[in-house]
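Novice: After the structure tokens below, expect a handful of questions from me.
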Amino acid sequence: MIDLKALRDDPDRARASQQARGDDPAKVDALLAAADARRNAVTVADELRAEQKAVSSSVRTATPEERPAVLHRAKALAAKVKEAEVDQAAAEEALRLAHLAVPNVVAGAPPGGEADFVVLEHVGEVPSYHFEVRDHLDIGTALGAIDTERGAKVSGSRFAFLTGDGALLELALVNLAMASAVANGFTPVIAPALVRPEAMEGTGFLGAHAAEVYKLEADDLYLVGTSEVPLAAYHSGEILELPKRYAGFSSCFRREAGSHGKDTRGIIRVHQFDKVEMFSYVALADAEAEHQRLLQWEKDFLTELELPFRVLDVAAGDLGSSAARKYDCEAWLPSQQRWLELTSTSNCTDFQARRLGVRTRTESGLEPVATLNGTLCAIGRTIAVLLEVHQRADGSVHVPKALQPLLGGRAALTPGLTPA
RNA sequence: GGAGACGUCGCAUAGUCCGGUCGAGUGCGCCUCACUGCUAAUGAGGUAUGGGGCAACCCAUCGGAGGUUCAAAUCCUCUCGUCUCCGCCA
């Protein structure tokens, strides 16, 4: 939810933001109108309530002769109050809907859509191979690390088993990610993957992306697509000391509803994967600096994995509704000769915090905090990229130095070492 | 899954049986002032959140949603959560 006070002061900024996102600027004016309507409805109801209170309390002090007349007046007023409260509730609901329809105000993101990102930098050399490169599924199958056929047999398309070194690689990556998060001051968290509707709604995932989300109808619970959801809801309704940083590990579930035919091979786009996610609660004034820190920690991690990548400043039209700005890190995927998103960090400013009621004490009272999230390691994709980038002509895969201690000191993964 | 207890202003609690004087007492914590050469101790005052108003002040909120009533923290219904006991289980 955007700040209504700020909106009233400078509606043009919000209109321009809508323009940049390719969204309708008229929503901003609808929101302003709804806010005014609500204010009027509340004023009317407040005045009636005050009058009713006065009359009501005079009932008990009235003499027996006055009593019937006073009661009659009180009853009439009670009916009017009820009417006014119905109007107020309607105005509040209308405001809520108008409010939900307006995404966060973008801050510095390039205008335009998905293709209009700006490349901020390249890190590492795009590798070249003197042999025919294989994709991660071929490599993983040969290593006995990835089994998508049985994944499909057991669970359907876009599911996979990680087996042998694949499973060990996942655990190694989780451990490395958690260790580096702890070293950077994060509190490690194992988060629930099932959440109530409020948590889902509060983080903005039931808006445009509702079709992406798995829902358990029988229990009115949702499967999270990222631990951003439980980590953001973790402190909902609370007053916090800042900053707070959490590194959450959880499974992530995505329906991939609109992605038929896209990335169908291997484990680049699956319905279930595990992820270590960073989540920060900081003062609003510190949000941009924190965003840079999150990006830096992501870059450090990819560098530790010896992966070449580029950093994107994502365009306004490609931001989530909660985000004011977003940076993606894309690693090089040799088999497809293209860049693949491995991490993404968003500055949600106070947008999520307003919805979730997360505040902090300042000299001028309680104020919403800023929330930011960033991928530290999306395990499945990272495994896919690692296998491809570090493949060798003999079918073995180089293990980055940072991971070696976590894989029994091995410098390479070799076919045949683990049972198929 | 069965039985019971509970959910009140940062924390702990009173108030709920018998509706109005309860937006709400007390203790702790915190803030201000006084006093003591520092600290501690003591005394006085202040200290929930949101909305509206220049202000005095007004309105809403006692887990949530409904209902009864002129009037609800208080009565009724549903719901969510927590705890205890029993059963079951990784």
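By order in the structure tokens, chains are A, B, ...; within a chain, residues start at 1; ligands start at 1, following the order shown.
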Identify all chain B residues at most 6 Å from chain A by counting only C-alpha atoms (C1' of nucleotides); ligands do not count. Present them as a PyMOL selection string.

Specialist: chain B and resi 59+70-71

Novice: For the residues in that selection, give me C-alpha atoms (C1' of nucleotides) as a PDB file, in the first residue's frame.

Specialist:
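Heads up, here's the output in result.pdb:
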ATOM      1  C1'   C B  59     -14.460   9.466  16.756  1.00  0.00           C
ATOM      2  C1'   C B  70     -30.837   3.481  23.852  1.00  0.00           C
ATOM      3  C1'   A B  71     -25.900   1.719  25.631  1.00  0.00           C
TER       4        A B  71
END

Novice: Write out as a VMD selection string the set of residues from range 133-379 of chain A that DSSP, computed on the backbone, places in strand (DSSP E or B).

Specialist: chain A and resid 146 to 147 161 to 162 187 to 190 194 to 195 214 to 216 221 to 223 239 to 240 244 to 253 272 to 282 309 to 313 325 to 333 338 to 347 359 to 362 365 to 368 370 to 378

Novice: How would the residues just chosen look if you wrote them out with C-alpha atoms as a PDB file, in the first residue's frame?

Specialist:
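Okay, this is what ended up in again-v1.pdb:
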ATOM      1  CA  ILE A 146      19.202 -35.290 -11.596  1.00  0.00           C
ATOM      2  CA  ASP A 147      16.285 -37.575 -12.426  1.00  0.00           C
ATOM      3  CA  PHE A 161      14.503 -35.840  -8.027  1.00  0.00           C
ATOM      4  CA  LEU A 162      17.940 -34.693  -6.999  1.00  0.00           C
ATOM      5  CA  THR A 187      19.615 -14.599  11.449  1.00  0.00           C
ATOM      6  CA  PRO A 188      19.134 -18.011   9.852  1.00  0.00           C
ATOM      7  CA  VAL A 189      15.512 -19.148   9.641  1.00  0.00           C
ATOM      8  CA  ILE A 190      13.757 -22.302   8.548  1.00  0.00           C
ATOM      9  CA  LEU A 194       2.400 -23.138   4.115  1.00  0.00           C
ATOM     10  CA  VAL A 195       0.874 -19.814   5.083  1.00  0.00           C
ATOM     11  CA  TYR A 214      -0.807 -23.210  -5.072  1.00  0.00           C
ATOM     12  CA  LYS A 215      -3.730 -23.221  -2.699  1.00  0.00           C
ATOM     13  CA  LEU A 216      -4.880 -25.951  -0.351  1.00  0.00           C
ATOM     14  CA  LEU A 221      -3.610 -22.389   3.252  1.00  0.00           C
ATOM     15  CA  TYR A 222      -1.244 -21.387   0.494  1.00  0.00           C
ATOM     16  CA  LEU A 223       2.068 -22.920  -0.536  1.00  0.00           C
ATOM     17  CA  ILE A 239       6.869  -2.645  16.349  1.00  0.00           C
ATOM     18  CA  LEU A 240      10.506  -3.394  15.617  1.00  0.00           C
ATOM     19  CA  LYS A 244      16.597  -6.932  11.271  1.00  0.00           C
ATOM     20  CA  ARG A 245      18.008  -9.346   8.740  1.00  0.00           C
ATOM     21  CA  TYR A 246      16.848 -12.905   8.149  1.00  0.00           C
ATOM     22  CA  ALA A 247      18.092 -15.618   5.845  1.00  0.00           C
ATOM     23  CA  GLY A 248      15.228 -18.010   5.296  1.00  0.00           C
ATOM     24  CA  PHE A 249      15.472 -21.480   3.885  1.00  0.00           C
ATOM     25  CA  SER A 250      12.326 -23.052   2.526  1.00  0.00           C
ATOM     26  CA  SER A 251      10.892 -25.003  -0.321  1.00  0.00           C
ATOM     27  CA  CYS A 252       9.189 -22.844  -2.926  1.00  0.00           C
ATOM     28  CA  PHE A 253       6.180 -23.868  -4.964  1.00  0.00           C
ATOM     29  CA  GLN A 272       9.137 -27.119  -6.416  1.00  0.00           C
ATOM     30  CA  PHE A 273      12.615 -26.011  -5.476  1.00  0.00           C
ATOM     31  CA  ASP A 274      14.509 -24.865  -2.424  1.00  0.00           C
ATOM     32  CA  LYS A 275      15.890 -21.442  -1.821  1.00  0.00           C
ATOM     33  CA  VAL A 276      17.813 -19.389   0.688  1.00  0.00           C
ATOM     34  CA  GLU A 277      16.312 -15.916   0.721  1.00  0.00           C
ATOM     35  CA  MET A 278      17.585 -12.787   2.424  1.00  0.00           C
ATOM     36  CA  PHE A 279      15.039 -10.477   3.977  1.00  0.00           C
ATOM     37  CA  SER A 280      15.741  -7.120   5.620  1.00  0.00           C
ATOM     38  CA  TYR A 281      13.683  -4.784   7.716  1.00  0.00           C
ATOM     39  CA  VAL A 282      15.363  -1.369   7.790  1.00  0.00           C
ATOM     40  CA  PHE A 309      27.080 -13.145 -14.424  1.00  0.00           C
ATOM     41  CA  ARG A 310      25.654  -9.774 -15.295  1.00  0.00           C
ATOM     42  CA  VAL A 311      23.595  -7.384 -13.185  1.00  0.00           C
ATOM     43  CA  LEU A 312      20.374  -5.852 -14.452  1.00  0.00           C
ATOM     44  CA  ASP A 313      18.477  -2.795 -13.349  1.00  0.00           C
ATOM     45  CA  ARG A 325      13.283  -1.064  -7.727  1.00  0.00           C
ATOM     46  CA  LYS A 326      14.759  -4.430  -8.554  1.00  0.00           C
ATOM     47  CA  TYR A 327      18.151  -5.795  -9.543  1.00  0.00           C
ATOM     48  CA  ASP A 328      18.584  -9.219 -11.089  1.00  0.00           C
ATOM     49  CA  CYS A 329      21.763 -11.210 -11.399  1.00  0.00           C
ATOM     50  CA  GLU A 330      21.811 -13.414 -14.459  1.00  0.00           C
ATOM     51  CA  ALA A 331      24.357 -16.171 -14.877  1.00  0.00           C
ATOM     52  CA  TRP A 332      25.611 -17.440 -18.197  1.00  0.00           C
ATOM     53  CA  LEU A 333      23.941 -20.649 -19.333  1.00  0.00           C
ATOM     54  CA  ARG A 338      22.010 -16.951 -22.862  1.00  0.00           C
ATOM     55  CA  TRP A 339      21.731 -15.295 -19.482  1.00  0.00           C
ATOM     56  CA  LEU A 340      19.537 -16.922 -16.856  1.00  0.00           C
ATOM     57  CA  GLU A 341      18.156 -15.190 -13.774  1.00  0.00           C
ATOM     58  CA  LEU A 342      19.698 -16.669 -10.656  1.00  0.00           C
ATOM     59  CA  THR A 343      19.008 -13.987  -8.092  1.00  0.00           C
ATOM     60  CA  SER A 344      16.731 -11.021  -7.741  1.00  0.00           C
ATOM     61  CA  THR A 345      16.618  -8.333  -5.093  1.00  0.00           C
ATOM     62  CA  SER A 346      13.743  -5.901  -4.595  1.00  0.00           C
ATOM     63  CA  ASN A 347      13.383  -2.776  -2.533  1.00  0.00           C
ATOM     64  CA  ARG A 359       6.458  -0.306  12.181  1.00  0.00           C
ATOM     65  CA  THR A 360       9.315   1.169  14.161  1.00  0.00           C
ATOM     66  CA  ARG A 361       9.595   3.898  16.778  1.00  0.00           C
ATOM     67  CA  THR A 362      11.087   7.160  15.605  1.00  0.00           C
ATOM     68  CA  GLY A 365       6.212   8.453  16.452  1.00  0.00           C
ATOM     69  CA  LEU A 366       5.581   5.112  14.824  1.00  0.00           C
ATOM     70  CA  GLU A 367       6.469   4.819  11.170  1.00  0.00           C
ATOM     71  CA  PRO A 368       6.291   1.963   8.679  1.00  0.00           C
ATOM     72  CA  ALA A 370      11.117  -0.621   4.680  1.00  0.00           C
ATOM     73  CA  THR A 371      11.313  -4.250   3.615  1.00  0.00           C
ATOM     74  CA  LEU A 372      13.755  -5.666   1.096  1.00  0.00           C
ATOM     75  CA  ASN A 373      14.328  -9.138  -0.183  1.00  0.00           C
ATOM     76  CA  GLY A 374      17.024 -10.791  -2.207  1.00  0.00           C
ATOM     77  CA  THR A 375      17.816 -14.293  -3.373  1.00  0.00           C
ATOM     78  CA  LEU A 376      20.951 -15.642  -1.856  1.00  0.00           C
ATOM     79  CA  CYS A 377      20.713 -19.008  -3.572  1.00  0.00           C
ATOM     80  CA  ALA A 378      17.928 -20.553  -5.620  1.00  0.00           C
TER      81      ALA A 378
END

Novice: Considering only alpha helix (DSSP H) as DSSP defines it on the backbone, what residues of range 252-407 of chain A qualify? List them as an MDAnalysis selection string.

Specialist: chainID A and resid 287:304 351:356 379:389

Novice: Write out as number ranges by chain each polymer residue whose atoms come within 12 Å of Asp263 in chain A, counting only C-alpha atoms (C1' of nucleotides); drop sequence neighbours fewer than 5 positions from it.

Specialist: A: 137, 157-158, 256, 258, 268-271, 336, 340, 381

Novice: Please provide as a PyMOL selection string all residues within 12 Å of G45 in chain B, with the sequence filter that same-chain residues fewer than 4 positions apart are discarded (counting only C-alpha atoms (C1' of nucleotides)).

Specialist: chain B and resi 31-34

Novice: Could you tell me how far CA of Pro103 in chain A sits from CA of Asp23 in chain A, in Å to one decimal place?

Specialist: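 About the pair CA of Asp23 in chain A and CA of Pro103 in chain A: they are 9.0 Å apart.
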
Novice: Would you work out the distance separating CA of Val86 in chain A from CA of Asn40 in chain A, expressed in Å to one decimal?

Specialist: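 According to the coordinates, CA of Val86 in chain A and CA of Asn40 in chain A are separated by 13.2 Å.
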
Novice: Report the distance between CA of Ala89 in chain A and CA of Val369 in chain A in Å, rounded to one decimal place.

Specialist: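 Between these atoms lies a distance of 27.6 Å.
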
Novice: Residues at most 10 Å from C75 in chain B, counting only C-alpha atoms (C1' of nucleotides), excluding those fewer than 4 positions away in the same chain, as an NGL selection string?

Specialist: :B and (16 or 19 or 68-69)

Novice: Would you mind exporting C-alpha atoms (C1' of nucleotides) of the selected residues as a compact mmCIF listing (two decimals), in the first residue's frame?

Specialist:
# COMPACT_ATOMS: atom_id res chain seq x y z
C1' U B 16 -16.21 -9.80 32.53
C1' G B 19 -24.01 -3.94 30.62
C1' U B 68 -28.84 -8.45 21.22
C1' U B 69 -29.46 -3.38 23.44

Novice: Could you give me, as a ChimeraX atom specification, the residues within 12 Å of A24 in chain B, counting only C-alpha atoms (C1' of nucleotides) and dropping anything in the same chain fewer than 6 positions from it?

Specialist: /B:8-9,14-15,48,62,73-74

Novice: I need the chosen residues saved as a PDB file, in the first residue's frame, with N, CA and C atoms (P, O5', C5', C4', C3', O3' and C1' of nucleotides).

Specialist:
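And here's result_6.pdb as it stands now:
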ATOM      1  P     U B   8      -4.351 -10.305  26.124  1.00  0.00           P
ATOM      2  O5'   U B   8      -5.354  -9.101  26.412  1.00  0.00           O
ATOM      3  C5'   U B   8      -5.918  -8.377  25.327  1.00  0.00           C
ATOM      4  C4'   U B   8      -6.496  -7.087  25.825  1.00  0.00           C
ATOM      5  C3'   U B   8      -5.485  -6.153  26.479  1.00  0.00           C
ATOM      6  O3'   U B   8      -4.802  -5.369  25.519  1.00  0.00           O
ATOM      7  C1'   U B   8      -7.378  -6.356  27.875  1.00  0.00           C
ATOM      8  P     C B   9      -3.242  -5.142  25.641  1.00  0.00           P
ATOM      9  O5'   C B   9      -3.086  -3.561  25.558  1.00  0.00           O
ATOM     10  C5'   C B   9      -2.267  -2.955  24.541  1.00  0.00           C
ATOM     11  C4'   C B   9      -1.967  -1.529  24.915  1.00  0.00           C
ATOM     12  C3'   C B   9      -0.948  -1.369  26.042  1.00  0.00           C
ATOM     13  O3'   C B   9       0.384  -1.183  25.559  1.00  0.00           O
ATOM     14  C1'   C B   9      -2.882  -0.091  26.503  1.00  0.00           C
ATOM     15  P     A B  14      -5.746 -11.347  36.411  1.00  0.00           P
ATOM     16  O5'   A B  14      -6.441  -9.966  36.788  1.00  0.00           O
ATOM     17  C5'   A B  14      -6.357  -9.489  38.132  1.00  0.00           C
ATOM     18  C4'   A B  14      -7.043  -8.177  38.307  1.00  0.00           C
ATOM     19  C3'   A B  14      -8.506  -8.074  37.885  1.00  0.00           C
ATOM     20  O3'   A B  14      -9.371  -8.728  38.795  1.00  0.00           O
ATOM     21  C1'   A B  14      -7.345  -6.074  37.388  1.00  0.00           C
ATOM     22  P     G B  15     -10.678  -9.450  38.330  1.00  0.00           P
ATOM     23  O5'   G B  15     -11.439  -8.281  37.560  1.00  0.00           O
ATOM     24  C5'   G B  15     -12.125  -7.277  38.307  1.00  0.00           C
ATOM     25  C4'   G B  15     -12.639  -6.222  37.368  1.00  0.00           C
ATOM     26  C3'   G B  15     -13.713  -6.684  36.390  1.00  0.00           C
ATOM     27  O3'   G B  15     -14.997  -6.656  36.995  1.00  0.00           O
ATOM     28  C1'   G B  15     -12.090  -5.339  35.280  1.00  0.00           C
ATOM     29  P     A B  48      -0.476   6.544  26.342  1.00  0.00           P
ATOM     30  O5'   A B  48      -0.339   5.520  25.128  1.00  0.00           O
ATOM     31  C5'   A B  48       0.739   4.622  25.087  1.00  0.00           C
ATOM     32  C4'   A B  48       0.405   3.469  24.179  1.00  0.00           C
ATOM     33  C3'   A B  48       0.039   3.887  22.760  1.00  0.00           C
ATOM     34  O3'   A B  48       1.180   3.987  21.965  1.00  0.00           O
ATOM     35  C1'   A B  48      -1.630   2.441  23.611  1.00  0.00           C
ATOM     36  P     C B  62     -12.470  -3.618  20.774  1.00  0.00           P
ATOM     37  O5'   C B  62     -11.226  -3.609  21.773  1.00  0.00           O
ATOM     38  C5'   C B  62     -10.025  -4.326  21.472  1.00  0.00           C
ATOM     39  C4'   C B  62      -9.507  -5.014  22.713  1.00  0.00           C
ATOM     40  C3'   C B  62     -10.328  -6.201  23.164  1.00  0.00           C
ATOM     41  O3'   C B  62      -9.461  -7.254  23.514  1.00  0.00           O
ATOM     42  C1'   C B  62     -10.173  -4.607  24.913  1.00  0.00           C
ATOM     43  P     A B  73     -17.179  -1.812  25.014  1.00  0.00           P
ATOM     44  O5'   A B  73     -15.982  -2.788  25.411  1.00  0.00           O
ATOM     45  C5'   A B  73     -15.537  -3.771  24.494  1.00  0.00           C
ATOM     46  C4'   A B  73     -14.889  -4.915  25.233  1.00  0.00           C
ATOM     47  C3'   A B  73     -15.864  -5.829  25.966  1.00  0.00           C
ATOM     48  O3'   A B  73     -16.323  -6.848  25.133  1.00  0.00           O
ATOM     49  C1'   A B  73     -14.112  -5.176  27.415  1.00  0.00           C
ATOM     50  P     U B  74     -17.815  -7.393  25.197  1.00  0.00           P
ATOM     51  O5'   U B  74     -18.068  -7.738  26.739  1.00  0.00           O
ATOM     52  C5'   U B  74     -17.442  -8.856  27.352  1.00  0.00           C
ATOM     53  C4'   U B  74     -17.827  -8.865  28.806  1.00  0.00           C
ATOM     54  C3'   U B  74     -19.301  -9.119  29.040  1.00  0.00           C
ATOM     55  O3'   U B  74     -19.480 -10.048  30.087  1.00  0.00           O
ATOM     56  C1'   U B  74     -18.653  -7.046  30.021  1.00  0.00           C
TER      57        U B  74
END

Novice: So that I can see what lies close to Ala210 in chain A, please list as a PyMOL selection string the residues with an atom at most 10 Å from it, counting only C-alpha atoms (C1' of nucleotides) and leaving out residues fewer than 5 positions away in the same chain.

Specialist: chain A and resi 200-201+204-205+215+255+257

Novice: Filtering to N, CA and C atoms, could you give me those residues as an mmCIF file, in the first residue's frame?

Specialist:
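Saved file part-v5.cif follows:
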data_model
loop_
_atom_site.group_PDB
_atom_site.id
_atom_site.type_symbol
_atom_site.label_atom_id
_atom_site.label_comp_id
_atom_site.auth_asym_id
_atom_site.auth_seq_id
_atom_site.Cartn_x
_atom_site.Cartn_y
_atom_site.Cartn_z
ATOM 1 N N MET A 200 -0.147 -14.219 2.567
ATOM 2 C CA MET A 200 -0.012 -14.178 1.119
ATOM 3 C C MET A 200 -0.440 -12.816 0.593
ATOM 4 N N GLU A 201 -1.558 -12.342 1.099
ATOM 5 C CA GLU A 201 -2.099 -11.063 0.641
ATOM 6 C C GLU A 201 -1.198 -9.907 1.059
ATOM 7 N N GLY A 204 1.547 -9.230 -1.176
ATOM 8 C CA GLY A 204 1.184 -8.805 -2.513
ATOM 9 C C GLY A 204 1.185 -9.913 -3.547
ATOM 10 N N PHE A 205 1.137 -11.158 -3.100
ATOM 11 C CA PHE A 205 1.199 -12.257 -4.068
ATOM 12 C C PHE A 205 -0.171 -12.744 -4.523
ATOM 13 N N LYS A 215 -2.875 -23.411 -3.863
ATOM 14 C CA LYS A 215 -3.730 -23.221 -2.699
ATOM 15 C C LYS A 215 -4.273 -24.569 -2.233
ATOM 16 N N ARG A 255 3.172 -22.625 -9.612
ATOM 17 C CA ARG A 255 2.344 -23.367 -10.561
ATOM 18 C C ARG A 255 2.856 -23.229 -11.981
ATOM 19 N N ALA A 257 1.890 -21.295 -14.244
ATOM 20 C CA ALA A 257 0.661 -21.369 -15.019
ATOM 21 C C ALA A 257 0.823 -20.848 -16.439
#
